[in-house]
file target-v7.cif (mmCIF, C-alpha atoms and all ligand atoms)
data_run
#
loop_
_atom_site.label_atom_id
_atom_site.label_comp_id
_atom_site.auth_asym_id
_atom_site.auth_seq_id
_atom_site.Cartn_x
_atom_site.Cartn_y
_atom_site.Cartn_z
CA MET A 1 77.72 75.66 95.33
CA THR A 2 78.13 78.10 92.45
CA THR A 3 79.69 76.41 89.42
CA THR A 4 81.49 79.50 88.13
CA THR A 5 83.54 82.30 89.67
CA LEU A 6 82.96 86.02 89.40
CA ILE A 7 86.31 87.79 89.20
CA THR A 8 86.49 91.49 89.99
CA VAL A 9 89.60 93.47 89.17
CA ALA A 10 90.46 96.46 91.37
CA PRO A 11 93.26 97.91 89.24
CA THR A 12 94.25 101.19 90.89
CA GLY A 13 92.88 102.03 94.36
CA ALA A 14 93.60 105.28 96.13
CA GLU A 15 96.53 104.28 98.29
CA SER A 16 99.57 103.44 96.13
CA ARG A 17 101.64 106.07 94.34
CA LYS A 18 102.45 105.71 90.64
CA SER A 19 106.07 106.53 91.46
CA ASP A 20 106.21 103.50 93.78
CA VAL A 21 104.11 101.19 91.58
CA PRO A 22 104.79 101.94 87.90
CA ALA A 23 102.32 99.24 86.77
CA LEU A 24 99.42 101.18 88.33
CA PRO A 25 96.93 102.37 85.67
CA VAL A 26 96.36 106.07 86.31
CA THR A 27 95.28 107.57 82.97
CA LEU A 28 92.01 106.83 81.18
CA GLU A 29 93.95 105.11 78.39
CA GLU A 30 95.77 102.91 80.91
CA LEU A 31 92.52 102.11 82.70
CA VAL A 32 90.72 101.07 79.51
CA ALA A 33 93.70 99.02 78.30
CA THR A 34 93.81 97.31 81.71
CA GLY A 35 90.10 96.59 81.53
CA LYS A 36 90.44 94.96 78.12
CA GLU A 37 93.41 92.83 79.20
CA CYS A 38 91.69 91.74 82.40
CA GLN A 39 88.43 90.88 80.64
CA ALA A 40 90.39 88.74 78.18
CA VAL A 41 91.80 86.61 81.02
CA GLY A 42 88.63 86.24 83.11
CA ALA A 43 87.47 89.44 84.85
CA SER A 44 83.80 90.40 84.65
CA VAL A 45 83.68 93.42 87.02
CA ILE A 46 86.05 96.39 87.31
CA HIS A 47 86.19 98.34 90.60
CA VAL A 48 87.30 101.84 89.63
CA HIS A 49 89.25 104.55 91.47
CA LEU A 50 90.47 107.41 89.29
CA ARG A 51 93.60 109.56 89.37
CA ASP A 52 94.05 113.12 88.14
CA ASP A 53 96.78 114.49 85.85
CA ALA A 54 99.23 114.35 88.74
CA ALA A 55 98.24 110.69 89.39
CA GLU A 56 96.59 111.69 92.68
CA PRO A 57 93.22 110.16 93.68
CA THR A 58 90.21 112.15 92.45
CA LEU A 59 86.42 111.93 92.57
CA ASP A 60 85.98 114.52 89.80
CA LEU A 61 82.54 113.87 88.31
CA GLY A 62 83.53 114.69 84.73
CA LEU A 63 86.43 112.23 84.86
CA LEU A 64 84.19 109.58 86.42
CA LYS A 65 81.62 110.00 83.63
CA ASP A 66 84.38 109.75 81.02
CA ALA A 67 85.68 106.55 82.61
CA VAL A 68 82.22 104.94 82.78
CA GLY A 69 81.60 105.85 79.14
CA ALA A 70 84.99 104.63 77.91
CA LEU A 71 84.85 101.34 79.80
CA ARG A 72 81.33 100.70 78.49
CA ALA A 73 82.39 101.51 74.92
CA GLU A 74 85.59 99.46 74.95
CA THR A 75 84.78 96.50 77.22
CA ASP A 76 81.87 94.33 78.39
CA LEU A 77 82.95 94.67 82.01
CA ILE A 78 80.45 95.64 84.70
CA VAL A 79 81.59 99.09 85.82
CA GLN A 80 81.68 99.47 89.59
CA LEU A 81 82.74 102.88 90.86
CA SER A 82 84.28 103.21 94.29
CA SER A 83 82.20 105.37 96.60
CA GLY A 84 84.92 104.89 99.18
CA GLY A 85 87.44 107.10 97.44
CA ALA A 86 90.46 107.97 99.52
CA VAL A 87 90.28 108.25 103.32
CA THR A 88 90.33 112.03 103.03
CA ASP A 89 87.33 112.35 100.66
CA PRO A 90 84.26 114.12 102.10
CA GLU A 91 80.85 112.45 102.13
CA GLU A 92 79.27 114.79 99.55
CA ASP A 93 81.98 113.97 96.99
CA ARG A 94 81.56 110.26 97.67
CA LEU A 95 77.78 110.48 97.15
CA ARG A 96 78.25 112.47 93.94
CA VAL A 97 80.04 109.45 92.41
CA LEU A 98 76.57 107.99 91.78
CA ASP A 99 75.84 110.86 89.35
CA ALA A 100 78.24 109.16 86.92
CA GLU A 101 75.59 106.41 86.60
CA PRO A 102 77.76 103.29 86.96
CA ASP A 103 76.34 99.75 86.88
CA MET A 104 77.50 99.24 90.46
CA ALA A 105 79.09 101.18 93.29
CA SER A 106 80.75 100.11 96.50
CA CYS A 107 79.02 100.74 99.84
CA THR A 108 81.19 100.20 102.91
CA MET A 109 79.27 98.93 105.90
CA GLY A 110 81.06 100.71 108.73
CA THR A 111 83.97 102.75 109.98
CA VAL A 112 87.33 101.02 110.20
CA ASN A 113 90.86 101.96 111.14
CA PHE A 114 92.82 101.96 107.87
CA GLY A 115 96.53 101.79 108.62
CA ASP A 116 97.29 105.06 110.36
CA ASP A 117 94.06 106.61 109.04
CA VAL A 118 90.35 106.20 109.68
CA PHE A 119 87.97 105.18 106.89
CA LEU A 120 84.83 106.91 108.13
CA ASN A 121 81.42 105.51 107.21
CA ARG A 122 78.66 106.92 109.44
CA TRP A 123 75.38 105.01 109.63
CA ALA A 124 73.39 107.90 108.13
CA PHE A 125 75.86 108.06 105.23
CA ILE A 126 75.55 104.33 104.59
CA VAL A 127 71.74 104.60 104.54
CA GLU A 128 71.94 107.52 102.11
CA LEU A 129 74.26 105.63 99.74
CA HIS A 130 72.10 102.48 99.85
CA THR A 131 68.89 104.45 99.25
CA ARG A 132 70.26 106.63 96.45
CA MET A 133 71.68 103.60 94.67
CA ARG A 134 68.31 101.85 94.74
CA ASP A 135 66.54 104.99 93.48
CA ARG A 136 68.96 105.20 90.53
CA GLY A 137 69.08 101.52 89.57
CA ILE A 138 72.70 101.08 90.72
CA VAL A 139 73.62 97.73 92.26
CA PRO A 140 75.68 98.01 95.44
CA GLU A 141 78.62 95.87 96.40
CA TYR A 142 78.64 96.00 100.19
CA GLU A 143 82.25 96.22 101.37
CA ILE A 144 82.91 94.35 104.61
CA PHE A 145 86.13 95.10 106.50
CA ASP A 146 85.17 93.42 109.78
CA LEU A 147 82.77 90.77 111.06
CA GLY A 148 80.38 93.20 112.75
CA GLN A 149 79.81 94.97 109.44
CA LEU A 150 77.81 91.93 108.33
CA THR A 151 75.47 92.55 111.25
CA ALA A 152 75.26 96.17 110.14
CA LEU A 153 74.34 94.96 106.64
CA ARG A 154 71.54 92.84 108.03
CA ARG A 155 70.27 95.86 109.98
CA LEU A 156 70.43 98.00 106.84
CA LEU A 157 68.44 95.51 104.76
CA ASP A 158 65.90 94.90 107.56
CA LYS A 159 65.26 98.62 108.07
CA HIS A 160 65.70 99.99 104.55
CA GLY A 161 64.95 97.10 102.22
CA LEU A 162 66.77 95.17 99.53
CA PRO A 163 69.01 96.88 96.96
CA PHE A 164 68.08 97.50 93.33
CA GLY A 165 67.58 94.16 91.57
CA GLY A 166 66.89 92.35 94.85
CA HIS A 167 70.18 90.43 94.93
CA VAL A 168 72.66 91.00 97.78
CA HIS A 169 76.34 90.80 96.89
CA LEU A 170 79.16 91.70 99.26
CA ASP A 171 82.93 91.78 99.22
CA LEU A 172 85.09 90.75 102.16
CA VAL A 173 88.07 93.11 102.22
CA MET A 174 90.45 91.26 104.52
CA ASN A 175 93.84 92.00 106.06
CA VAL A 176 93.52 95.80 106.08
CA PRO A 177 95.63 96.94 109.07
CA GLY A 178 92.76 97.77 111.43
CA GLY A 179 90.22 95.32 110.01
CA MET A 180 89.72 91.56 110.13
CA PRO A 181 92.70 89.30 109.34
CA GLY A 182 93.14 87.61 105.98
CA THR A 183 92.75 84.08 107.28
CA THR A 184 90.60 81.04 106.52
CA GLU A 185 89.21 81.22 110.07
CA ALA A 186 88.03 84.82 109.63
CA LEU A 187 86.52 84.04 106.24
CA VAL A 188 84.63 81.05 107.67
CA ALA A 189 83.31 83.24 110.51
CA CYS A 190 81.99 85.67 107.88
CA VAL A 191 80.40 82.87 105.87
CA GLN A 192 78.63 81.66 109.02
CA ALA A 193 77.38 85.19 109.75
CA MET A 194 76.04 85.43 106.19
CA ARG A 195 73.39 82.85 107.13
CA ASP A 196 71.49 85.78 108.67
CA LEU A 197 71.44 87.60 105.31
CA PRO A 198 68.83 87.03 102.58
CA GLU A 199 68.91 83.64 100.88
CA GLY A 200 71.03 83.70 97.76
CA THR A 201 73.44 86.35 99.08
CA THR A 202 76.79 86.01 97.27
CA PHE A 203 80.23 87.16 98.29
CA SER A 204 83.64 87.79 96.87
CA ALA A 205 86.78 88.17 98.93
CA THR A 206 90.13 89.83 98.67
CA GLY A 207 93.12 89.76 100.97
CA ILE A 208 95.35 92.81 101.14
CA GLY A 209 99.09 92.19 100.69
CA ARG A 210 100.12 88.87 102.19
CA GLY A 211 96.47 87.97 102.66
CA THR A 212 96.01 87.64 98.90
CA LEU A 213 96.66 83.92 98.42
CA PRO A 214 95.17 82.56 101.67
CA VAL A 215 91.97 84.55 101.11
CA MET A 216 91.72 83.54 97.45
CA LEU A 217 92.02 79.85 98.28
CA ALA A 218 89.66 80.09 101.26
CA SER A 219 87.04 81.95 99.24
CA LEU A 220 87.11 79.45 96.38
CA SER A 221 86.76 76.52 98.76
CA ALA A 222 83.88 78.23 100.59
CA GLY A 223 81.92 78.91 97.38
CA GLY A 224 82.89 82.57 97.20
CA HIS A 225 84.01 84.76 94.34
CA LEU A 226 87.29 86.67 93.92
CA ARG A 227 88.59 90.21 93.78
CA VAL A 228 92.20 90.86 92.80
CA GLY A 229 94.21 93.83 91.59
CA LEU A 230 96.92 96.35 92.35
CA GLU A 231 94.53 98.18 94.70
CA ASP A 232 94.93 95.20 97.04
CA THR A 233 98.39 93.82 96.39
CA VAL A 234 101.50 95.10 94.66
CA THR A 235 103.61 91.97 95.28
CA TYR A 236 103.13 88.80 93.22
CA ALA A 237 105.40 86.66 95.40
CA LYS A 238 107.98 87.48 98.06
CA GLY A 239 110.25 90.16 96.57
CA VAL A 240 108.52 90.02 93.16
CA PRO A 241 106.46 93.08 92.14
CA VAL A 242 103.19 92.57 90.27
CA GLU A 243 103.76 93.20 86.54
CA SER A 244 100.16 94.00 85.65
CA ASN A 245 96.59 93.63 86.83
CA ALA A 246 96.05 91.02 84.11
CA GLN A 247 98.76 88.90 85.72
CA LEU A 248 96.74 88.84 88.95
CA VAL A 249 93.45 88.13 87.14
CA ALA A 250 95.09 85.31 85.15
CA ARG A 251 96.35 83.73 88.37
CA ALA A 252 92.90 84.01 89.97
CA ALA A 253 91.29 82.50 86.86
CA ALA A 254 93.76 79.61 86.94
CA PHE A 255 92.94 78.88 90.59
CA ALA A 256 89.24 79.10 89.78
CA ARG A 257 89.63 76.58 86.95
CA LEU A 258 91.60 74.24 89.22
CA ALA A 259 88.71 74.48 91.68
CA GLN A 260 86.37 73.43 88.83
CA ARG A 261 84.69 76.82 88.98
CA PRO A 262 85.88 78.65 85.85
CA PRO A 263 85.50 82.42 85.47
CA MET A 264 82.03 83.79 84.80
CA THR A 265 81.48 85.88 81.67
CA PRO A 266 80.37 89.51 82.11
CA ALA A 267 76.93 88.50 80.78
CA GLU A 268 76.62 85.75 83.41
CA ALA A 269 77.77 88.18 86.09
CA ARG A 270 75.13 90.74 85.03
CA THR A 271 72.43 88.11 85.46
CA LEU A 272 73.76 87.01 88.86
CA LEU A 273 74.05 90.54 90.24
CA GLY A 274 70.79 91.86 88.76
CA ILE A 275 72.45 94.64 86.76
CA ARG A 276 69.95 96.55 84.60
CA GLY A 277 70.07 95.66 80.90
N1 LIG B 1 90.41 103.60 99.60
C1 LIG B 1 89.78 103.11 100.78
C2 LIG B 1 89.82 104.15 101.83
C3 LIG B 1 85.98 101.37 98.30
O1 LIG B 1 86.55 101.49 97.23
O2 LIG B 1 84.77 101.47 98.42
C4 LIG B 1 88.38 102.71 100.55
C5 LIG B 1 88.12 101.75 99.50
C6 LIG B 1 86.77 101.13 99.54
O3 LIG B 1 88.90 101.47 98.60
ZN ZN B 2 88.33 100.54 96.40
#
call {"tool": "encode", "arguments": {"input": "target-v7.cif", "output": "structure tokens"}}
result
Amino acid sequence: MTTTTLITVAPTGAESRKSDVPALPVTLEELVATGKECQAVGASVIHVHLRDDAAEPTLDLGLLKDAVGALRAETDLIVQLSSGGAVTDPEEDRLRVLDAEPDMASCTMGTVNFGDDVFLNRWAFIVELHTRMRDRGIVPEYEIFDLGQLTALRRLLDKHGLPFGGHVHLDLVMNVPGGMPGTTEALVACVQAMRDLPEGTTFSATGIGRGTLPVMLASLSAGGHLRVGLEDTVTYAKGVPVESNAQLVARAAAFARLAQRPPMTPAEARTLLGIRG
């Protein structure tokens, strides 16, 4: 079992409104400050969604390039841009995210109901994302919202080859209304299905909302890594809003230490994931 834990922070997302969640980082300054705070308490990867001047989700290429540059200049974090965007974002805008040349980008492995919306990920689009990322030296994080998407990942790798760097890393995004539940049983089913993926495949897991703590504990006990952040949960405990992303990272790091798997440094995470130097 891995002796350390990779912690990814997903600080903003595309779903919550700043007016509802004041702690949400929406400006570049807030994003960079969040990155620094989260790195200091144990994060090694930042999963980035941007907001515009009105705090609405945006995939503007100029803003994405600025964010990649600023995070690289001010932190050691591995910069992972979301290619998922918001449910309304068209495929061409989502592909253009790669032009900002991040270290990593997300690559969702199938279509899923997403609350009242549909998060559309056609097979041809997935293949295009996977292929473009390899061509540009960007490491994918395959986002898995349901069990069958692991089978889709195996099909992708069988037909289209390994990603850049040769290492396969995925993230179980659990408890989305419309996807798999945020339970130990569902996580174990995913771990069993991962036996069909290349040897050495690693995973992190996150549980949306109430799934946060059960998924964190299940992932640690199953040898997995962790993703936390305001993208995934805005409540720290029943009736208690999250104060900051760093608060969530600090809690994850504390659980990881208790599990005798302390947080990985960004340098260790780069080696694990095969990020270009
Ligand atoms: N905002 C969701 C529709 C990703 O970042 O790649 C998609 C999402 C996944 O958050
Ligand atoms: Zn995301």
call {"tool": "atom_distance", "arguments": {"input": "target-v7.cif", "atom1": "atom CA of Gly211 of chain A", "atom2": "atom CA of Glu268 of chain A"}}
result
27.7 Å
call {"tool": "closest_atom_pairs", "arguments": {"input": "target-v7.cif", "of": "chain A", "to": "ligand ZN 2 (chain B)", "cutoff": "10 Å", "atoms": "only C-alpha atoms and all ligand atoms", "output": "CSV"}}
result
residue,atom,partner,partner_atom,distance
A:Ala10,CA,B:ZN2,ZN,6.8
A:Pro11,CA,B:ZN2,ZN,9.1
A:Thr12,CA,B:ZN2,ZN,8.1
A:Gly13,CA,B:ZN2,ZN,5.2
A:Ala14,CA,B:ZN2,ZN,7.1
A:Glu15,CA,B:ZN2,ZN,9.2
A:His47,CA,B:ZN2,ZN,6.6
A:Val48,CA,B:ZN2,ZN,7.0
A:His49,CA,B:ZN2,ZN,6.4
A:Gln80,CA,B:ZN2,ZN,9.6
A:Leu81,CA,B:ZN2,ZN,8.2
A:Ser82,CA,B:ZN2,ZN,5.3
A:Ser83,CA,B:ZN2,ZN,7.8
A:Gly84,CA,B:ZN2,ZN,6.2
A:Gly85,CA,B:ZN2,ZN,6.7
A:Ala86,CA,B:ZN2,ZN,8.3
A:Ala105,CA,B:ZN2,ZN,9.8
A:Ser106,CA,B:ZN2,ZN,7.6
A:Cys107,CA,B:ZN2,ZN,9.9
A:Thr108,CA,B:ZN2,ZN,9.7
A:Glu143,CA,B:ZN2,ZN,9.0
A:Val173,CA,B:ZN2,ZN,9.4
A:Glu231,CA,B:ZN2,ZN,6.8
A:Asp232,CA,B:ZN2,ZN,8.5
call {"tool": "closest_atom_pairs", "arguments": {"input": "target-v7.cif", "of": "segment 129-227 of chain A", "to": "segment 248-261 of chain A", "cutoff": "9 Å", "atoms": "all atoms listed in the file", "output": "CSV"}}
result
residue,atom,partner,partner_atom,distance
A:Met216,CA,A:Ala252,CA,7.6
A:Leu217,CA,A:Phe255,CA,7.8
A:Leu220,CA,A:Ala256,CA,6.9
A:Ser221,CA,A:Ala259,CA,7.6
A:His225,CA,A:Ala256,CA,9.0
A:Leu226,CA,A:Ala252,CA,7.4
A:Arg227,CA,A:Ala252,CA,8.5
call {"tool": "closest_residue", "arguments": {"input": "target-v7.cif", "among": "A:Asn113, A:Thr206, A:Thr4, A:Thr235", "to": "Ser44 of chain A", "atoms": "all atoms listed in the file"}}
result
A:Thr4
call {"tool": "residues_around", "arguments": {"input": "target-v7.cif", "residues": "Val191 of chain A", "least_positions_apart": "6", "cutoff": "10 Å", "atoms": "only C-alpha atoms", "output": "list in words"}}
result
Leu147, Leu150, Leu172, Glu185, Thr202, Phe203, Ser219, Ala222, Gly223 and Gly224 of chain A
call {"tool": "residues_around", "arguments": {"input": "target-v7.cif", "residues": "segment 30-42 of chain A", "least_positions_apart": "5", "cutoff": "7 Å", "atoms": "all atoms listed in the file", "output": "JSON, numbers by chain"}}
result
{"A": [7, 25, 70, 71, 75, 77, 245, 246, 249, 250, 253, 263]}
call {"tool": "atom_distance", "arguments": {"input": "target-v7.cif", "atom1": "atom CA of Lys238 of chain A", "atom2": "atom CA of Thr5 of chain A"}}
result
26.4 Å
call {"tool": "closest_residue", "arguments": {"input": "target-v7.cif", "among": "A:Gly229, A:Gly165, A:Pro198, A:Gly137", "to": "ligand LIG 1 (chain B)", "atoms": "all atoms listed in the file"}}
result
A:Gly229
call {"tool": "atom_distance", "arguments": {"input": "target-v7.cif", "atom1": "atom CA of Thr201 of chain A", "atom2": "atom CA of Thr233 of chain A"}}
result
26.2 Å
call {"tool": "residues_near_point", "arguments": {"input": "target-v7.cif", "point": "(72.1, 105.0, 101.5)", "cutoff": "12 Å", "atoms": "all atoms listed in the file", "output": "count of residues only"}}
result
39
call {"tool": "closest_residue", "arguments": {"input": "target-v7.cif", "among": "A:Leu64, A:Glu56, A:Asp117, A:Pro177", "to": "ligand LIG 1 (chain B)", "atoms": "only C-alpha atoms and all ligand atoms"}}
result
A:Asp117
call {"tool": "closest_residue", "arguments": {"input": "target-v7.cif", "among": "A:Gly274, A:Gly209, A:Gly182, A:Gly115", "to": "ligand LIG 1 (chain B)", "atoms": "all atoms listed in the file"}}
result
A:Gly115
call {"tool": "residues_around", "arguments": {"input": "target-v7.cif", "residues": "Val79 of chain A", "least_positions_apart": "6", "cutoff": "6 Å", "atoms": "only C-alpha atoms", "output": "ChimeraX atom specification"}}
result
/A:46,102-103
call {"tool": "closest_residue", "arguments": {"input": "target-v7.cif", "among": "A:Gly62, A:Gly166, A:Gly178, A:Gly69", "to": "ligand LIG 1 (chain B)", "atoms": "all atoms listed in the file"}}
result
A:Gly178
call {"tool": "closest_residue", "arguments": {"input": "target-v7.cif", "among": "A:Met180, A:Val112, A:Val118, A:Leu61", "to": "Val87 of chain A", "atoms": "only C-alpha atoms"}}
result
A:Val118
call {"tool": "decode", "arguments": {"input": "target-v7.cif", "residues": "segment 123-149 of chain A", "atoms": "N, CA and C atoms", "output": "PDB file, in the first residue's frame"}}
result
ATOM      1  N   TRP A 123     -18.318   9.606 -26.322  1.00  0.00           N
ATOM      2  CA  TRP A 123     -17.122   8.785 -26.477  1.00  0.00           C
ATOM      3  C   TRP A 123     -16.091   9.487 -27.365  1.00  0.00           C
ATOM      4  N   ALA A 124     -16.531  10.026 -28.485  1.00  0.00           N
ATOM      5  CA  ALA A 124     -15.583  10.672 -29.411  1.00  0.00           C
ATOM      6  C   ALA A 124     -14.896  11.867 -28.739  1.00  0.00           C
ATOM      7  N   PHE A 125     -15.617  12.563 -27.878  1.00  0.00           N
ATOM      8  CA  PHE A 125     -15.045  13.699 -27.151  1.00  0.00           C
ATOM      9  C   PHE A 125     -13.988  13.218 -26.146  1.00  0.00           C
ATOM     10  N   ILE A 126     -14.303  12.135 -25.462  1.00  0.00           N
ATOM     11  CA  ILE A 126     -13.350  11.573 -24.494  1.00  0.00           C
ATOM     12  C   ILE A 126     -12.056  11.171 -25.205  1.00  0.00           C
ATOM     13  N   VAL A 127     -12.195  10.508 -26.348  1.00  0.00           N
ATOM     14  CA  VAL A 127     -11.012  10.066 -27.114  1.00  0.00           C
ATOM     15  C   VAL A 127     -10.188  11.280 -27.542  1.00  0.00           C
ATOM     16  N   GLU A 128     -10.867  12.329 -27.972  1.00  0.00           N
ATOM     17  CA  GLU A 128     -10.169  13.541 -28.418  1.00  0.00           C
ATOM     18  C   GLU A 128      -9.398  14.187 -27.251  1.00  0.00           C
ATOM     19  N   LEU A 129     -10.036  14.282 -26.106  1.00  0.00           N
ATOM     20  CA  LEU A 129      -9.361  14.854 -24.921  1.00  0.00           C
ATOM     21  C   LEU A 129      -8.121  14.027 -24.559  1.00  0.00           C
ATOM     22  N   HIS A 130      -8.316  12.714 -24.462  1.00  0.00           N
ATOM     23  CA  HIS A 130      -7.225  11.799 -24.081  1.00  0.00           C
ATOM     24  C   HIS A 130      -6.061  11.929 -25.068  1.00  0.00           C
ATOM     25  N   THR A 131      -6.370  11.968 -26.347  1.00  0.00           N
ATOM     26  CA  THR A 131      -5.327  11.994 -27.384  1.00  0.00           C
ATOM     27  C   THR A 131      -4.605  13.338 -27.380  1.00  0.00           C
ATOM     28  N   ARG A 132      -5.379  14.418 -27.310  1.00  0.00           N
ATOM     29  CA  ARG A 132      -4.743  15.754 -27.308  1.00  0.00           C
ATOM     30  C   ARG A 132      -3.857  15.926 -26.087  1.00  0.00           C
ATOM     31  N   MET A 133      -4.304  15.419 -24.945  1.00  0.00           N
ATOM     32  CA  MET A 133      -3.482  15.562 -23.731  1.00  0.00           C
ATOM     33  C   MET A 133      -2.161  14.835 -23.904  1.00  0.00           C
ATOM     34  N   ARG A 134      -2.217  13.637 -24.470  1.00  0.00           N
ATOM     35  CA  ARG A 134      -0.951  12.889 -24.651  1.00  0.00           C
ATOM     36  C   ARG A 134      -0.036  13.649 -25.612  1.00  0.00           C
ATOM     37  N   ASP A 135      -0.605  14.165 -26.703  1.00  0.00           N
ATOM     38  CA  ASP A 135       0.202  14.894 -27.696  1.00  0.00           C
ATOM     39  C   ASP A 135       0.878  16.112 -27.078  1.00  0.00           C
ATOM     40  N   ARG A 136       0.258  16.696 -26.061  1.00  0.00           N
ATOM     41  CA  ARG A 136       0.793  17.949 -25.484  1.00  0.00           C
ATOM     42  C   ARG A 136       1.521  17.746 -24.159  1.00  0.00           C
ATOM     43  N   GLY A 137       1.700  16.503 -23.748  1.00  0.00           N
ATOM     44  CA  GLY A 137       2.441  16.257 -22.505  1.00  0.00           C
ATOM     45  C   GLY A 137       1.665  16.637 -21.259  1.00  0.00           C
ATOM     46  N   ILE A 138       0.325  16.574 -21.339  1.00  0.00           N
ATOM     47  CA  ILE A 138      -0.533  16.882 -20.182  1.00  0.00           C
ATOM     48  C   ILE A 138      -1.028  15.560 -19.585  1.00  0.00           C
ATOM     49  N   VAL A 139      -0.900  15.436 -18.278  1.00  0.00           N
ATOM     50  CA  VAL A 139      -1.306  14.187 -17.613  1.00  0.00           C
ATOM     51  C   VAL A 139      -2.797  14.256 -17.272  1.00  0.00           C
ATOM     52  N   PRO A 140      -3.562  13.278 -17.710  1.00  0.00           N
ATOM     53  CA  PRO A 140      -4.994  13.305 -17.376  1.00  0.00           C
ATOM     54  C   PRO A 140      -5.275  12.789 -15.966  1.00  0.00           C
ATOM     55  N   GLU A 141      -6.315  13.331 -15.366  1.00  0.00           N
ATOM     56  CA  GLU A 141      -6.937  12.664 -14.216  1.00  0.00           C
ATOM     57  C   GLU A 141      -8.300  12.225 -14.732  1.00  0.00           C
ATOM     58  N   TYR A 142      -8.491  10.910 -14.823  1.00  0.00           N
ATOM     59  CA  TYR A 142      -9.753  10.377 -15.335  1.00  0.00           C
ATOM     60  C   TYR A 142     -10.802  10.482 -14.227  1.00  0.00           C
ATOM     61  N   GLU A 143     -11.875  11.196 -14.514  1.00  0.00           N
ATOM     62  CA  GLU A 143     -12.933  11.406 -13.506  1.00  0.00           C
ATOM     63  C   GLU A 143     -13.999  10.330 -13.690  1.00  0.00           C
ATOM     64  N   ILE A 144     -14.285   9.624 -12.594  1.00  0.00           N
ATOM     65  CA  ILE A 144     -15.195   8.480 -12.626  1.00  0.00           C
ATOM     66  C   ILE A 144     -16.411   8.789 -11.747  1.00  0.00           C
ATOM     67  N   PHE A 145     -17.567   8.902 -12.376  1.00  0.00           N
ATOM     68  CA  PHE A 145     -18.790   9.224 -11.632  1.00  0.00           C
ATOM     69  C   PHE A 145     -19.656   7.987 -11.376  1.00  0.00           C
ATOM     70  N   ASP A 146     -19.333   6.898 -12.083  1.00  0.00           N
ATOM     71  CA  ASP A 146     -20.126   5.675 -11.937  1.00  0.00           C
ATOM     72  C   ASP A 146     -19.261   4.476 -12.292  1.00  0.00           C
ATOM     73  N   LEU A 147     -19.665   3.303 -11.778  1.00  0.00           N
ATOM     74  CA  LEU A 147     -18.830   2.102 -11.925  1.00  0.00           C
ATOM     75  C   LEU A 147     -18.477   1.793 -13.375  1.00  0.00           C
ATOM     76  N   GLY A 148     -19.474   1.885 -14.250  1.00  0.00           N
ATOM     77  CA  GLY A 148     -19.250   1.522 -15.656  1.00  0.00           C
ATOM     78  C   GLY A 148     -18.216   2.409 -16.340  1.00  0.00           C
ATOM     79  N   GLN A 149     -17.956   3.575 -15.771  1.00  0.00           N
ATOM     80  CA  GLN A 149     -16.964   4.469 -16.390  1.00  0.00           C
ATOM     81  C   GLN A 149     -15.551   3.917 -16.227  1.00  0.00           C
TER      82      GLN A 149
END
